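A.B. asks: The structure follows.
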Amino acid sequence: MLPVGSPAPGSAAACRYSPGALDSETLRYLLVGRENLLGEMLEDLDRASRSGTPRFFILTGSHGAGKSHLLNLLYHRVQDELSGQVIPVRLAEEEYSIFRASDFFLRVLAEMGIDTSAIAALDDDPLVLDVAVDTLTEAAAGGRQIAVFADNVHELFIQMDKSEIRALRSIFQRTDLFSVVASAPSLFPGISDHDEPFYNFFRVFHLRGLEPAEAKELMQRAARLDGNTAFIENFPDYEPGIEGLLHLAGGSPRVAVQVYETFSRCGTDDMGAVFFRMMDEQTPYYREVFGRLSGQRRIIFDTVLSADTPLTPKDIAERARLNPATVNAQLRRLEADGYVVSRPMRKRTSYEVRDRLFWLWRAMRRPAGRDRIGTFIEFLDAWHERPPVMEGESLQEPSVPYTAGERADALAAIGETQGQPGDPAQRAQLMQVSLDRAREELLNGNETNGLSLIGEAYRHAEDLNQGTVRRITADFLKGLVGEGRVSVIKSAVRGVVASGGAGFEGFLKPVADAVEIVEASDTRLYYTKLQPEERSVVAGIVRAITGSGELVPGLLARLLT
């Protein structure tokens, strides 16, 4: 049943990715995790209009971060609540005909419903500009301000010459009539370069990603709007796979909705296929981003994108074969424009891509990167699988508890089926029993016996489905992680890799990374060895091993709550 006040089912699905086409009620219902920011901006515009001082805001965030959604909802809120003080004007999501300052103000007049034909017919462009601004001043009589909402404002700056941009800023400063709420994927030279007219002009709001709980709430709200009762009813079954993909892809609202839509169509049988399909859909956008970068900046950015770990400026200079001073200067620009982020740690500073999905997309364009991401997805799928448990049992415990008699029967069966193909279900049971025994032996200090039993387990696994083997392996290691014995976990990982094959080395990398961080007691390793999508997963394992958040940096700790 829909919550009171929510839009009717089916009212948003057709234009979910075009917020400008959604009504205020639907936009408000689908806003998750940004309510406080919306309120802050609305209050600031209210104060500005009362005091006669304009405001200039810019929302930045990666593709799908929710910029257009928030901008359009703020437009409706201003229209509904501040109409006595502010005239809100919303430009089109893409404006292809604004090349001069006069074009900008003529578009504002047109969106206000004012006929501009006589003004546009004037021969002299400076005169057109002056008359357009005078007409807007008259339209806002009574002390009202005009708030212009401009999505993708970076495109306007690309289309306009610097002289026209300078004229635009001059009018904003001279009249105190206009406020502007804009959006862009990141900061861009037109507002970040010191010699540009709009340098340091906008107050910047960078949209953070949604927390996992917020992303899941957004999925369920989208399902309610679609009347998708099956998704709501089956959500507990989908949730482990959803959590795995969110760990990988981060908290983009667009990704959250895409995950919901893909799970609704395809189920959760193949998380890798779901994710690869989502990444392929990002290709046009990321190619466009590369197109905005030129020369050395593109080479440096792609060098950072193509690395398996964050890189220092020295690393980048060596890989890109560029002068270190040039690399440092361009990195500062790339960071100021929102493409990369730096991680200073004592004498070492490393750089990584700000947009996590961008790194994943680039990795998947390379065979080795695609294999790495595929293996990580398999780990997430297995690690987040929730086996049936008895009430009150920890998810860290083995999924199938055995009594002493059942274990004895299973052990007898191990001997009887040695070397025989057997039934897959029986072999899965025998594999798990062997690993249960291995856990006991390792925890009791009998490493030789434990490793021998691990080897026995993977001999039973030879004819099993790979997904089944990896889920049983993950369950085995989660039980050991919950015990907090680092040396035992390390021995178990080594034993699984030795018995299960080299493929398990990549599969169990998050566990091995967690062990390394705990052994070294060094949180810098999160930012020197791991990519962003790995950190929260490894941090969760570290916290499970240590039983505390002492070795989990603050930001990661917040993501895990």
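Starting from 1 in every chain, residues are counted up; chains themselves are A, B, ... following the order of the structure tokens, and ligands are numbered from 1 as listed.
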Among range 325-358 of chain A, which ones does DSSP place in strand (DSSP E), written as number ranges by chain?
C.D. replies: A: 340-345, 348-353
A.B. asks: Neighbours of Gln258 in chain A within 12 Å (only C-alpha atoms; same-chain residues fewer than 5 positions away dropped), as JSON, numbers by chain?
C.D. replies: {"A": [13, 16, 17, 64, 215, 216, 218, 219, 222, 223, 242, 245, 246, 249, 251, 252, 253, 263, 264, 265, 266, 274, 275, 276, 277, 278, 279, 281, 282]}
A.B. asks: In range 217-289 of chain A, what's alpha helix (DSSP H) per DSSP? Answer as number ranges by chain?
C.D. replies: A: 217-226, 229-249, 253-266, 271-280, 283-289
A.B. asks: Would you pick out the contacts of Gly209 in chain A at 12 Å or less, using only C-alpha atoms, so that residues sharing its chain but fewer than 4 positions from it are not included, and give the list as a tab-separated table (two decimals) with N, CA, C and O atoms, in the first residue's frame?
C.D. replies:
chain	number	residue	atom	x	y	z
A	32	VAL	N	15.44	11.28	-1.83
A	32	VAL	CA	15.90	10.53	-0.67
A	32	VAL	C	17.32	11.00	-0.34
A	32	VAL	O	18.17	11.09	-1.22
A	33	GLY	N	17.55	11.33	0.92
A	33	GLY	CA	18.90	11.67	1.38
A	33	GLY	C	19.34	13.08	1.11
A	33	GLY	O	20.44	13.47	1.53
A	34	ARG	N	18.52	13.89	0.45
A	34	ARG	CA	18.92	15.27	0.14
A	34	ARG	C	17.92	16.28	0.70
A	34	ARG	O	17.93	17.45	0.32
A	60	THR	N	27.09	20.22	-8.12
A	60	THR	CA	27.99	19.38	-8.91
A	60	THR	C	27.91	17.94	-8.41
A	60	THR	O	27.64	17.69	-7.23
A	61	GLY	N	28.15	17.03	-9.31
A	61	GLY	CA	28.12	15.62	-8.97
A	61	GLY	C	28.19	14.81	-10.24
A	61	GLY	O	27.88	15.29	-11.32
A	62	SER	N	28.62	13.58	-10.10
A	62	SER	CA	28.81	12.73	-11.27
A	62	SER	C	27.49	12.45	-11.97
A	62	SER	O	26.40	12.76	-11.46
A	63	HIS	N	27.58	11.86	-13.12
A	63	HIS	CA	26.41	11.50	-13.92
A	63	HIS	C	25.46	10.65	-13.08
A	63	HIS	O	25.85	9.63	-12.52
A	64	GLY	N	24.20	11.10	-12.97
A	64	GLY	CA	23.22	10.33	-12.20
A	64	GLY	C	23.22	10.62	-10.73
A	64	GLY	O	22.57	9.92	-9.95
A	65	ALA	N	23.93	11.67	-10.29
A	65	ALA	CA	24.01	11.98	-8.86
A	65	ALA	C	22.73	12.62	-8.33
A	65	ALA	O	22.58	12.77	-7.11
A	66	GLY	N	21.82	13.02	-9.20
A	66	GLY	CA	20.56	13.61	-8.75
A	66	GLY	C	20.51	15.12	-8.85
A	66	GLY	O	19.66	15.76	-8.23
A	67	LYS	N	21.42	15.72	-9.64
A	67	LYS	CA	21.47	17.18	-9.76
A	67	LYS	C	20.18	17.74	-10.36
A	67	LYS	O	19.59	18.68	-9.82
A	213	ALA	N	21.24	2.31	2.79
A	213	ALA	CA	19.85	2.30	3.24
A	213	ALA	C	19.00	3.29	2.44
A	213	ALA	O	17.84	3.02	2.13
A	214	GLU	N	19.59	4.45	2.10
A	214	GLU	CA	18.87	5.44	1.31
A	214	GLU	C	18.63	4.94	-0.11
A	214	GLU	O	17.56	5.14	-0.68
A	215	ALA	N	19.65	4.30	-0.68
A	215	ALA	CA	19.50	3.77	-2.04
A	215	ALA	C	18.41	2.71	-2.09
A	215	ALA	O	17.60	2.68	-3.03
A	246	LEU	N	25.60	-2.20	-4.76
A	246	LEU	CA	25.78	-0.87	-4.19
A	246	LEU	C	27.18	-0.69	-3.64
A	246	LEU	O	27.77	0.38	-3.74
A	247	HIS	N	27.74	-1.75	-3.04
A	247	HIS	CA	29.14	-1.68	-2.60
A	247	HIS	C	30.04	-1.40	-3.78
A	247	HIS	O	31.02	-0.65	-3.68
A	249	ALA	N	29.13	-0.10	-6.96
A	249	ALA	CA	28.84	1.06	-7.80
A	249	ALA	C	28.68	2.35	-7.03
A	249	ALA	O	28.69	3.43	-7.61
A	250	GLY	N	28.54	2.28	-5.70
A	250	GLY	CA	28.37	3.51	-4.94
A	250	GLY	C	26.91	3.94	-4.86
A	250	GLY	O	26.00	3.19	-5.20
A	251	GLY	N	26.70	5.19	-4.43
A	251	GLY	CA	25.36	5.64	-4.08
A	251	GLY	C	24.72	6.59	-5.06
A	251	GLY	O	23.98	7.50	-4.66
A	252	SER	N	24.97	6.42	-6.36
A	252	SER	CA	24.31	7.26	-7.35
A	252	SER	C	22.82	6.93	-7.40
A	252	SER	O	22.45	5.77	-7.56
A	253	PRO	N	21.93	7.93	-7.27
A	253	PRO	CA	20.50	7.66	-7.39
A	253	PRO	C	20.13	7.01	-8.73
A	253	PRO	O	19.26	6.13	-8.77
A	254	ARG	N	20.77	7.44	-9.80
A	254	ARG	CA	20.47	6.84	-11.10
A	254	ARG	C	20.83	5.36	-11.10
A	254	ARG	O	20.08	4.52	-11.61
A	255	VAL	N	21.98	5.02	-10.53
A	255	VAL	CA	22.38	3.62	-10.47
A	255	VAL	C	21.40	2.83	-9.61
A	255	VAL	O	21.03	1.70	-9.95
A	256	ALA	N	20.96	3.42	-8.50
A	256	ALA	CA	20.00	2.73	-7.64
A	256	ALA	C	18.73	2.38	-8.41
A	256	ALA	O	18.22	1.26	-8.32
A	354	ARG	N	37.49	10.77	-8.87
A	354	ARG	CA	36.42	11.09	-7.93
A	354	ARG	C	35.17	10.25	-8.19
A	354	ARG	O	34.52	9.78	-7.26
A	355	ASP	N	34.85	10.04	-9.46
A	355	ASP	CA	33.64	9.30	-9.84
A	355	ASP	C	33.97	7.81	-9.88
A	355	ASP	O	34.63	7.32	-10.81
A	356	ARG	N	33.52	7.08	-8.88
A	356	ARG	CA	33.83	5.66	-8.79
A	356	ARG	C	33.37	4.89	-10.02
A	356	ARG	O	34.07	4.01	-10.53
A	357	LEU	N	32.19	5.21	-10.53
A	357	LEU	CA	31.69	4.50	-11.71
A	357	LEU	C	32.57	4.72	-12.93
A	357	LEU	O	32.68	3.85	-13.79
A	559	LEU	N	29.88	4.86	6.35
A	559	LEU	CA	29.25	4.08	5.29
A	559	LEU	C	28.80	2.72	5.78
A	559	LEU	O	27.87	2.12	5.23
A.B. asks: So that I can see what lies close to Arg348 in chain A, please list as a list in words the residues with an atom at most 9 Å from it, counting only C-alpha atoms and leaving out residues fewer than 4 positions away in the same chain.
C.D. replies: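 In the requested format, the answer is Thr312, Arg343 and Pro344 of chain A.
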A.B. asks: Could you write out that same residue set with N, CA and C atoms as a tab-separated table (two decimals), in the first residue's frame?
C.D. replies:
chain	number	residue	atom	x	y	z
A	312	THR	N	50.73	8.10	-7.08
A	312	THR	CA	51.37	9.34	-6.71
A	312	THR	C	51.70	10.13	-7.98
A	343	ARG	N	44.77	12.22	-1.84
A	343	ARG	CA	44.80	11.62	-0.50
A	343	ARG	C	46.17	11.88	0.11
A	344	PRO	N	46.35	13.03	0.81
A	344	PRO	CA	47.66	13.29	1.43
A	344	PRO	C	47.86	12.38	2.64
A.B. asks: Skipping near chain neighbours, those fewer than 6 positions away, what residues fall within 12 Å of Gly20 in chain A using only C-alpha atoms, listed as a ChimeraX atom specification?
C.D. replies: /A:12,26-27,67-76,90-94,149-151
A.B. asks: Would you mind listing what lies within 8 Å of range 319-332 of chain A as a VMD selection string, with only C-alpha atoms counted and same-chain residues fewer than 3 positions away left out?
C.D. replies: chain A and resid 296 to 297 299 to 300 303 313 to 316 335 to 336 340
A.B. asks: Have a look at A:Arg50, A:Arg471, A:Arg333, A:Arg372 and name the one nearest to Gly143 in chain A; count only C-alpha atoms.
C.D. replies: A:Arg50
A.B. asks: Which residues are near Gly190 in chain A? Cut-off 9 Å, only C-alpha atoms, ignore same chain within fewer than 2 positions. Put them as a tab-separated table (two decimals) with N, CA, C and O atoms, in the first residue's frame.
C.D. replies:
chain	number	residue	atom	x	y	z
A	154	HIS	N	27.52	24.19	-17.66
A	154	HIS	CA	28.83	24.14	-18.30
A	154	HIS	C	28.71	24.19	-19.83
A	154	HIS	O	29.60	24.70	-20.50
A	157	PHE	N	28.59	27.77	-20.98
A	157	PHE	CA	29.89	28.42	-20.95
A	157	PHE	C	30.74	27.99	-22.15
A	157	PHE	O	31.54	28.77	-22.66
A	158	ILE	N	30.56	26.76	-22.59
A	158	ILE	CA	31.30	26.29	-23.77
A	158	ILE	C	30.82	27.02	-25.02
A	158	ILE	O	31.61	27.38	-25.91
A	162	LYS	N	34.14	34.48	-24.15
A	162	LYS	CA	34.43	35.08	-22.85
A	162	LYS	C	33.85	36.48	-22.72
A	162	LYS	O	33.40	36.89	-21.65
A	165	ILE	N	30.31	36.10	-21.70
A	165	ILE	CA	30.23	35.65	-20.31
A	165	ILE	C	30.53	36.82	-19.37
A	165	ILE	O	29.89	36.98	-18.32
A	187	LEU	N	33.16	20.96	-11.35
A	187	LEU	CA	33.63	22.30	-11.61
A	187	LEU	C	34.33	22.30	-12.97
A	187	LEU	O	34.91	21.31	-13.37
A	188	PHE	N	34.29	23.42	-13.65
A	188	PHE	CA	34.84	23.48	-15.00
A	188	PHE	C	35.59	24.81	-15.15
A	188	PHE	O	35.42	25.73	-14.32
A	192	SER	N	36.26	27.84	-12.47
A	192	SER	CA	37.36	27.46	-11.58
A	192	SER	C	38.69	28.12	-11.92
A	192	SER	O	39.60	28.15	-11.09
A	193	ASP	N	38.83	28.67	-13.14
A	193	ASP	CA	40.08	29.32	-13.51
A	193	ASP	C	40.11	30.75	-12.96
A	193	ASP	O	39.11	31.49	-13.04
A	195	ASP	N	41.37	33.42	-14.07
A	195	ASP	CA	41.20	34.53	-15.01
A	195	ASP	C	39.84	34.53	-15.70
A	195	ASP	O	39.62	35.29	-16.65
A	196	GLU	N	38.92	33.70	-15.24
A	196	GLU	CA	37.58	33.66	-15.83
A	196	GLU	C	36.63	34.60	-15.08
A	196	GLU	O	36.75	34.78	-13.87
A	197	PRO	N	35.66	35.21	-15.80
A	197	PRO	CA	34.76	36.17	-15.16
A	197	PRO	C	33.98	35.59	-13.97
A	197	PRO	O	33.69	36.32	-13.01
A	198	PHE	N	33.62	34.32	-14.02
A	198	PHE	CA	32.81	33.74	-12.95
A	198	PHE	C	33.64	32.97	-11.92
A	198	PHE	O	33.10	32.15	-11.17
A	199	TYR	N	34.95	33.24	-11.88
A	199	TYR	CA	35.78	32.58	-10.88
A	199	TYR	C	35.31	32.95	-9.47
A	199	TYR	O	35.10	34.12	-9.16
A.B. asks: Tell me which of A:Phe172, A:Tyr351, A:Tyr260, A:Tyr527 sits closest to Ala539 in chain A, counting only C-alpha atoms.
C.D. replies: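 Among A:Phe172, A:Tyr351, A:Tyr260, A:Tyr527, it is A:Tyr527 that comes nearest to Ala539 in chain A.
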A.B. asks: In Å, with one decimal, what is the gap from CA of Val304 in chain A to CA of Tyr339 in chain A?
C.D. replies: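 Value for the CA of Val304 in chain A-CA of Tyr339 in chain A distance: 10.2 Å.
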A.B. asks: Name the closest residue to Gly241 in chain A among the candidates A:Gly540, A:Gly227, A:Gly272, A:Gly495; distances are taken between atoms, counting only C-alpha atoms.
C.D. replies: A:Gly272
A.B. asks: Could you check the closest approach to Arg494 in chain A for each of A:Glu447, A:Glu533, A:Asp337, A:Asp123 and tell me which residue wins, using only C-alpha atoms?
C.D. replies: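 Under the stated criterion, the closest residue is A:Glu447.
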A.B. asks: With only C-alpha atoms as the basis for distance, which of A:Leu31, A:Ile541, A:Ala48, A:Ala461 is at the shortest distance from Val481 in chain A?
C.D. replies: A:Ile541
